[in-house]
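Pasting final_5.txt here (compact mmCIF, C-alpha atoms):
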```txt
# COMPACT_ATOMS: atom_id res chain seq x y z
CA MET I 1331 -9.29 -40.24 38.23
CA LYS I 1332 -8.66 -37.63 35.57
CA SER I 1333 -9.11 -33.95 36.28
CA PHE I 1334 -11.84 -32.31 34.22
CA LYS I 1335 -10.80 -28.70 34.83
CA GLU I 1336 -9.98 -28.35 31.12
CA VAL I 1337 -11.47 -30.61 28.44
CA SER I 1338 -11.75 -31.29 24.76
CA LEU I 1339 -15.44 -31.46 23.89
CA VAL I 1340 -16.91 -33.68 21.16
CA LEU I 1341 -20.47 -32.98 20.03
CA SER I 1342 -22.50 -35.46 18.01
CA GLY I 1343 -25.07 -34.83 15.33
CA GLY I 1344 -28.75 -35.22 16.09
CA ALA I 1345 -30.73 -32.37 14.46
CA ALA I 1346 -33.00 -30.73 17.05
CA LYS I 1347 -31.66 -33.05 19.74
CA GLY I 1348 -28.39 -31.19 19.32
CA ILE I 1349 -29.94 -28.30 21.26
CA ALA I 1350 -29.00 -30.37 24.32
CA HIS I 1351 -25.35 -29.51 23.55
CA ILE I 1352 -26.09 -25.91 24.53
CA GLY I 1353 -27.38 -27.10 27.88
CA VAL I 1354 -24.22 -29.16 28.35
CA LEU I 1355 -22.10 -26.06 27.74
CA LYS I 1356 -24.18 -24.09 30.24
CA ALA I 1357 -23.57 -26.76 32.89
CA LEU I 1358 -19.83 -26.94 32.14
CA GLU I 1359 -19.53 -23.19 32.61
CA GLU I 1360 -21.32 -23.38 35.97
CA LEU I 1361 -18.96 -26.18 36.99
CA ASN I 1362 -15.97 -24.00 36.01
CA ILE I 1363 -14.85 -26.55 33.44
CA LYS I 1364 -13.00 -24.87 30.58
CA VAL I 1365 -13.56 -26.13 27.05
CA LYS I 1366 -10.15 -25.89 25.35
CA ARG I 1367 -11.29 -27.12 21.92
CA LEU I 1368 -14.33 -28.59 20.20
CA SER I 1369 -15.01 -31.23 17.60
CA GLY I 1370 -18.44 -31.67 16.10
CA THR I 1371 -20.54 -32.89 13.26
CA SER I 1372 -23.91 -31.68 11.95
CA ALA I 1373 -25.89 -30.11 14.84
CA GLY I 1374 -22.81 -30.51 17.02
CA ALA I 1375 -20.80 -28.58 14.45
CA ILE I 1376 -23.22 -25.65 14.58
CA VAL I 1377 -23.09 -25.47 18.38
CA ALA I 1378 -19.29 -25.78 18.32
CA VAL I 1379 -18.91 -22.90 15.87
CA PHE I 1380 -21.22 -20.52 17.73
CA TYR I 1381 -19.57 -21.30 21.07
CA ALA I 1382 -16.07 -20.99 19.66
CA TYR I 1383 -17.02 -17.63 18.13
CA GLY I 1384 -17.84 -16.35 21.60
CA TYR I 1385 -21.57 -16.73 22.16
CA SER I 1386 -22.64 -17.81 25.63
CA PRO I 1387 -25.11 -20.68 25.98
CA ASP I 1388 -27.85 -18.22 26.95
CA GLU I 1389 -27.13 -16.07 23.88
CA MET I 1390 -27.23 -19.16 21.69
CA MET I 1391 -30.64 -20.05 23.02
CA GLU I 1392 -31.90 -16.52 22.35
CA ILE I 1393 -30.76 -16.80 18.73
CA LEU I 1394 -32.28 -20.27 18.41
CA GLU I 1395 -35.64 -19.16 19.74
CA SER I 1396 -35.72 -16.18 17.35
CA ILE I 1397 -35.38 -18.31 14.20
CA ASN I 1398 -38.29 -18.74 11.83
CA TRP I 1399 -37.39 -22.24 10.64
CA PHE I 1400 -39.80 -22.20 7.71
CA ARG I 1401 -38.17 -19.07 6.31
CA LEU I 1402 -34.59 -20.17 6.99
CA PHE I 1403 -34.64 -23.14 4.63
CA LYS I 1404 -35.88 -22.91 1.08
CA LEU I 1405 -37.57 -25.88 -0.56
CA LYS I 1406 -36.56 -26.45 -4.16
CA ALA I 1407 -36.86 -28.90 -7.02
CA PRO I 1408 -35.17 -32.02 -5.61
CA ARG I 1409 -32.31 -32.63 -8.01
CA TYR I 1410 -29.69 -33.02 -5.25
CA GLY I 1411 -31.76 -32.33 -2.13
CA LEU I 1412 -35.09 -30.96 -0.98
CA ILE I 1413 -33.59 -27.92 0.76
CA GLY I 1414 -30.96 -25.44 -0.40
CA TRP I 1415 -28.54 -23.39 1.69
CA GLU I 1416 -28.99 -19.87 0.25
CA ARG I 1417 -30.89 -18.41 3.20
CA ALA I 1418 -28.71 -20.25 5.71
CA TYR I 1419 -25.64 -18.43 4.34
CA THR I 1420 -27.38 -15.10 4.99
CA PHE I 1421 -28.29 -16.21 8.51
CA LEU I 1422 -24.72 -17.26 9.29
CA ARG I 1423 -23.24 -13.98 8.06
CA LYS I 1424 -25.62 -12.12 10.39
CA TYR I 1425 -24.27 -13.83 13.50
CA ILE I 1426 -20.71 -14.95 12.68
CA ALA I 1427 -18.40 -12.19 11.48
CA VAL I 1428 -15.44 -14.33 10.46
CA GLU I 1429 -14.81 -16.15 7.21
CA LYS I 1430 -12.35 -18.85 8.30
CA LEU I 1431 -12.56 -21.63 10.87
CA GLU I 1432 -9.14 -20.72 12.21
CA GLU I 1433 -10.40 -17.21 13.04
CA LEU I 1434 -12.71 -18.50 15.78
CA LYS I 1435 -11.69 -17.85 19.40
CA LYS I 1436 -11.35 -21.54 20.23
CA PRO I 1437 -9.92 -24.34 18.07
CA VAL I 1438 -12.67 -26.24 16.28
CA ASN I 1439 -12.69 -29.36 14.11
CA LEU I 1440 -15.72 -30.01 11.92
CA CYS I 1441 -16.43 -33.42 10.44
CA ALA I 1442 -17.99 -33.77 7.00
CA VAL I 1443 -17.96 -36.62 4.50
CA ASP I 1444 -16.57 -36.18 1.00
CA LEU I 1445 -19.10 -37.88 -1.23
CA TYR I 1446 -16.53 -38.24 -4.03
CA ALA I 1447 -13.86 -40.03 -1.97
CA GLY I 1448 -16.28 -41.72 0.40
CA LYS I 1449 -14.38 -40.78 3.56
CA PRO I 1450 -14.76 -38.46 6.55
CA LEU I 1451 -12.77 -35.23 6.61
CA TYR I 1452 -11.83 -33.21 9.70
CA PHE I 1453 -11.50 -29.48 9.04
CA SER I 1454 -9.65 -27.22 11.47
CA GLU I 1455 -9.15 -24.43 8.95
CA GLY I 1456 -10.71 -23.20 5.73
CA GLU I 1457 -13.90 -21.40 4.70
CA LEU I 1458 -16.30 -21.65 7.60
CA ALA I 1459 -19.69 -21.50 5.86
CA PRO I 1460 -19.34 -24.26 3.24
CA ILE I 1461 -17.57 -26.57 5.69
CA LEU I 1462 -20.21 -26.02 8.37
CA PHE I 1463 -23.16 -26.52 6.03
CA GLY I 1464 -21.48 -29.50 4.41
CA SER I 1465 -21.19 -31.07 7.85
CA CYS I 1466 -24.97 -30.66 8.24
CA ALA I 1467 -26.09 -31.76 4.77
CA ILE I 1468 -28.25 -34.81 5.50
CA PRO I 1469 -28.38 -36.74 2.19
CA GLY I 1470 -31.69 -36.49 0.38
CA ILE I 1471 -32.91 -33.60 2.53
CA PHE I 1472 -30.21 -30.94 2.13
CA GLU I 1473 -28.15 -30.25 -0.94
CA PRO I 1474 -24.53 -31.44 -0.76
CA VAL I 1475 -22.06 -28.55 -0.53
CA LYS I 1476 -19.29 -28.08 -3.06
CA TYR I 1477 -16.04 -26.95 -1.43
CA LYS I 1478 -12.69 -27.02 -3.23
CA ASN I 1479 -12.48 -30.49 -4.78
CA TYR I 1480 -14.95 -31.98 -2.31
CA LEU I 1481 -18.68 -32.62 -2.36
CA LEU I 1482 -19.59 -32.49 1.32
CA ILE I 1483 -22.44 -34.26 3.09
CA ASP I 1484 -23.34 -34.76 6.74
CA GLY I 1485 -20.37 -36.01 8.76
CA GLY I 1486 -22.64 -38.34 10.68
CA VAL I 1487 -22.84 -40.62 7.64
CA MET I 1488 -19.44 -42.02 8.62
CA ASN I 1489 -18.62 -40.46 12.00
CA ASN I 1490 -21.31 -39.07 14.25
CA LEU I 1491 -18.99 -38.73 17.24
CA PRO I 1492 -15.76 -37.26 15.82
CA VAL I 1493 -13.35 -37.91 18.67
CA GLU I 1494 -10.30 -38.42 16.45
CA PRO I 1495 -9.15 -34.77 16.19
CA CYS I 1496 -8.96 -34.54 20.01
CA GLU I 1497 -6.95 -37.67 20.70
CA LYS I 1498 -3.54 -36.03 20.26
CA PHE I 1499 -4.12 -33.52 23.07
CA ARG I 1500 -3.51 -34.06 26.78
CA GLU I 1501 -6.87 -32.80 28.06
CA PRO I 1502 -9.52 -35.43 28.85
CA ILE I 1503 -12.11 -35.91 26.12
CA VAL I 1504 -15.75 -35.36 27.04
CA CYS I 1505 -18.15 -36.68 24.40
CA VAL I 1506 -21.81 -35.70 24.19
CA ASP I 1507 -23.95 -38.20 22.30
CA VAL I 1508 -27.48 -36.95 21.73
CA LEU I 1509 -28.50 -39.75 19.40
CA PRO I 1510 -29.08 -43.03 21.21
CA ILE I 1511 -31.49 -45.43 19.53
CA THR I 1512 -35.04 -44.81 20.70
CA LYS I 1513 -38.45 -46.16 19.78
CA GLU I 1514 -40.34 -43.73 17.58
CA ARG I 1515 -44.12 -43.26 17.53
CA LYS I 1516 -44.38 -39.87 15.80
CA ILE I 1517 -43.63 -40.51 12.15
CA LYS I 1518 -45.99 -38.15 10.33
CA ASN I 1519 -44.48 -37.21 6.99
CA ILE I 1520 -41.64 -37.70 4.51
CA PHE I 1521 -39.23 -35.57 6.56
CA ASP I 1522 -39.82 -37.73 9.63
CA ILE I 1523 -39.14 -40.84 7.55
CA LEU I 1524 -35.96 -39.47 5.95
CA VAL I 1525 -34.51 -38.10 9.18
CA ARG I 1526 -35.40 -41.18 11.22
CA SER I 1527 -33.94 -43.53 8.59
CA PHE I 1528 -30.76 -41.47 8.37
CA PHE I 1529 -30.13 -41.43 12.11
CA LEU I 1530 -30.81 -45.15 12.43
CA ALA I 1531 -28.16 -45.72 9.78
CA VAL I 1532 -25.52 -43.48 11.39
CA ARG I 1533 -26.08 -44.59 14.97
CA SER I 1534 -23.80 -47.62 14.78
CA ASN I 1535 -20.68 -45.63 13.93
CA SER I 1536 -20.81 -43.81 17.29
CA ASP I 1537 -20.70 -46.86 19.52
CA LYS I 1538 -17.05 -47.82 18.97
CA ARG I 1539 -15.91 -44.21 19.35
CA ARG I 1540 -17.46 -43.91 22.79
CA ASN I 1541 -14.62 -46.13 24.01
CA HIS I 1542 -12.15 -43.38 23.10
CA CYS I 1543 -13.85 -40.82 25.32
CA ASP I 1544 -12.81 -40.20 28.92
CA LEU I 1545 -16.39 -39.30 29.76
CA VAL I 1546 -19.60 -39.74 27.77
CA ILE I 1547 -22.69 -37.64 28.45
CA THR I 1548 -25.87 -39.05 26.95
CA PRO I 1549 -28.79 -36.74 27.76
CA ASP I 1550 -32.12 -38.48 28.15
CA LEU I 1551 -33.89 -37.36 24.98
CA THR I 1552 -36.20 -40.32 24.51
CA ASP I 1553 -39.24 -38.02 24.62
CA TYR I 1554 -38.07 -35.97 21.64
CA THR I 1555 -37.63 -36.42 17.91
CA PRO I 1556 -34.85 -34.93 15.76
CA LEU I 1557 -37.40 -32.40 14.43
CA ASP I 1558 -38.66 -31.10 17.79
CA VAL I 1559 -37.28 -27.56 17.46
CA ARG I 1560 -40.36 -26.18 19.16
CA LYS I 1561 -39.30 -27.98 22.34
CA ALA I 1562 -35.92 -26.27 22.40
CA LYS I 1563 -36.11 -25.18 26.05
CA GLU I 1564 -36.96 -28.68 27.22
CA ILE I 1565 -34.16 -30.25 25.21
CA PHE I 1566 -31.73 -27.61 26.49
CA LEU I 1567 -32.70 -28.41 30.07
CA ARG I 1568 -32.16 -32.14 29.55
CA GLY I 1569 -28.59 -31.47 28.42
CA TYR I 1570 -28.00 -29.08 31.30
CA GLU I 1571 -29.48 -31.24 34.05
CA ASP I 1572 -27.94 -34.51 32.87
CA THR I 1573 -24.48 -32.93 32.67
CA LEU I 1574 -24.73 -31.66 36.24
CA ARG I 1575 -25.84 -35.14 37.32
CA VAL I 1576 -22.97 -36.90 35.51
CA PHE I 1577 -20.33 -34.70 37.14
CA LYS I 1578 -21.97 -35.02 40.55
CA ASP I 1579 -21.81 -38.81 40.20
CA ILE I 1580 -18.06 -38.80 39.43
CA SER I 1581 -17.07 -36.22 42.04
```
Could the structure of this file be written out as structure tokens, please?
Amino acid sequence: MKSFKEVSLVLSGGAAKGIAHIGVLKALEELNIKVKRLSGTSAGAIVAVFYAYGYSPDEMMEILESINWFRLFKLKAPRYGLIGWERAYTFLRKYIAVEKLEELKKPVNLCAVDLYAGKPLYFSEGELAPILFGSCAIPGIFEPVKYKNYLLIDGGVMNNLPVEPCEKFREPIVCVDVLPITKERKIKNIFDILVRSFFLAVRSNSDKRRNHCDLVITPDLTDYTPLDVRKAKEIFLRGYEDTLRVFKDIS
């Protein structure tokens, strides 16, 4: 059996379900498991960046619970997307005082898809803000992000569990997949339809990558939708409790 004293951590996309990643990190810290590096896409990319910058899981939850989500994202005429990133850039600068990915305290790889080339990209260095927001840019909802010669959209389009950047390292790979297929009964508006359709489409690309993980944590989030930000504490606890259970089962 592999030792999990030090791990590479892979965090999937999943919108609000990605809050469970913070609970996973809280549990890993209590288990004295050191995260050597992180790889993430979309919501997983956000959690990876904040953790690698130095925020504790508790501090991340405090920030999350202070956000006015309606003010953070600005609706606009939908030429390329319904929501722009202007206010998100201001938010990021408030909490992350570095400009480059390589300036974070832990190594991080962020996955985004280049819409021009039609392939996933794995960034370990470069301008943090456009790469991060590009990794989160769900097509049709958020504007794509122009960066260098790329037009970046959500990494989950082609790789929602970006294990590849971690495979060359010796530490075991722990993958957290917060987006299993679930039955949905709460489709109320166009955002629910767009988000649900997107995640159904990206789900299949995670399955084959689970085989490349030494351990997969799949928090039970069947009671929540990808837009349930108001249930952040509950989602956090699911990630925390299920991680403790998984490691108890393998000990």
Can you pull out every residue within 7 Å of Leu1482 (chain I), counting all atoms listed in the file, but drop anything in the same chain fewer than 2 positions away, and send it as a compact mmCIF listing (two decimals) with C-alpha atoms, in the frame of the given file?
```
# COMPACT_ATOMS: atom_id res chain seq x y z
CA ALA I 1442 -17.99 -33.77 7.00
CA VAL I 1443 -17.96 -36.62 4.50
CA ASP I 1444 -16.57 -36.18 1.00
CA LEU I 1445 -19.10 -37.88 -1.23
CA GLY I 1464 -21.48 -29.50 4.41
CA SER I 1465 -21.19 -31.07 7.85
CA PRO I 1474 -24.53 -31.44 -0.76
CA VAL I 1475 -22.06 -28.55 -0.53
CA LYS I 1476 -19.29 -28.08 -3.06
CA TYR I 1480 -14.95 -31.98 -2.31
CA ASP I 1484 -23.34 -34.76 6.74
```
| request: Within 12 Å of Arg1568 (chain I), counting only C-alpha atoms, which residues show up once you throw out same-chain ones fewer than 2 positions away? Write them as number ranges by chain, please. | output: I: 1347-1357, 1508, 1547-1554, 1561-1566, 1570-1576
| query | Which residue gives the smallest distance to Ile1523 (chain I) among I:Asn1541, I:Ser1536, I:Thr1555, I:Asn1489, with only C-alpha atoms counted? | reply |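 Looking only at the distances to Ile1523 (chain I), the closest residue turns out to be I:Thr1555.
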| said: Please list as a PyMOL selection string every residue within 10 Å of region 1433-1438 of chain I, counting all atoms listed in the file and excluding residues in the same chain fewer than 4 positions away. | reply: chain I and resi 1338-1340+1365-1370+1375+1378-1384+1426-1429+1452-1458+1495-1496
| said: Neighbouring residues of Gly1344 (chain I) were defined as those with any atom within 7 Å, considering all atoms listed in the file; residues of the same chain fewer than 6 positions away were excluded. Please report them as a list in words. | reply: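 In the requested form, the answer reads Ala1373, Val1508, Leu1509 and Pro1556 of chain I.
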| query | In Å, with one decimal, what is the gap from CA of Thr1371 (chain I) to CA of Ile1580 (chain I)? | reply |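 Atom-to-atom, CA of Thr1371 (chain I) to CA of Ile1580 (chain I), that is 26.9 Å.
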| Test item: residues at most 10 Å from region 1525-1528 of chain I, all atoms listed in the file, excluding those fewer than 5 positions along its chain, as a ChimeraX atom specification | /I:1344-1345,1468-1471,1486-1487,1514,1517,1520,1533,1555-1557
For the residues in the current selection, export C-alpha atoms as an mmCIF file, keeping the file's coordinate frame.
```cif
data_model
loop_
_atom_site.group_PDB
_atom_site.id
_atom_site.type_symbol
_atom_site.label_atom_id
_atom_site.label_comp_id
_atom_site.auth_asym_id
_atom_site.auth_seq_id
_atom_site.Cartn_x
_atom_site.Cartn_y
_atom_site.Cartn_z
ATOM 1 C CA GLY I 1344 -28.750 -35.220 16.090
ATOM 2 C CA ALA I 1345 -30.730 -32.370 14.460
ATOM 3 C CA ILE I 1468 -28.250 -34.810 5.500
ATOM 4 C CA PRO I 1469 -28.380 -36.740 2.190
ATOM 5 C CA GLY I 1470 -31.690 -36.490 0.380
ATOM 6 C CA ILE I 1471 -32.910 -33.600 2.530
ATOM 7 C CA GLY I 1486 -22.640 -38.340 10.680
ATOM 8 C CA VAL I 1487 -22.840 -40.620 7.640
ATOM 9 C CA GLU I 1514 -40.340 -43.730 17.580
ATOM 10 C CA ILE I 1517 -43.630 -40.510 12.150
ATOM 11 C CA ILE I 1520 -41.640 -37.700 4.510
ATOM 12 C CA ARG I 1533 -26.080 -44.590 14.970
ATOM 13 C CA THR I 1555 -37.630 -36.420 17.910
ATOM 14 C CA PRO I 1556 -34.850 -34.930 15.760
ATOM 15 C CA LEU I 1557 -37.400 -32.400 14.430
#
```
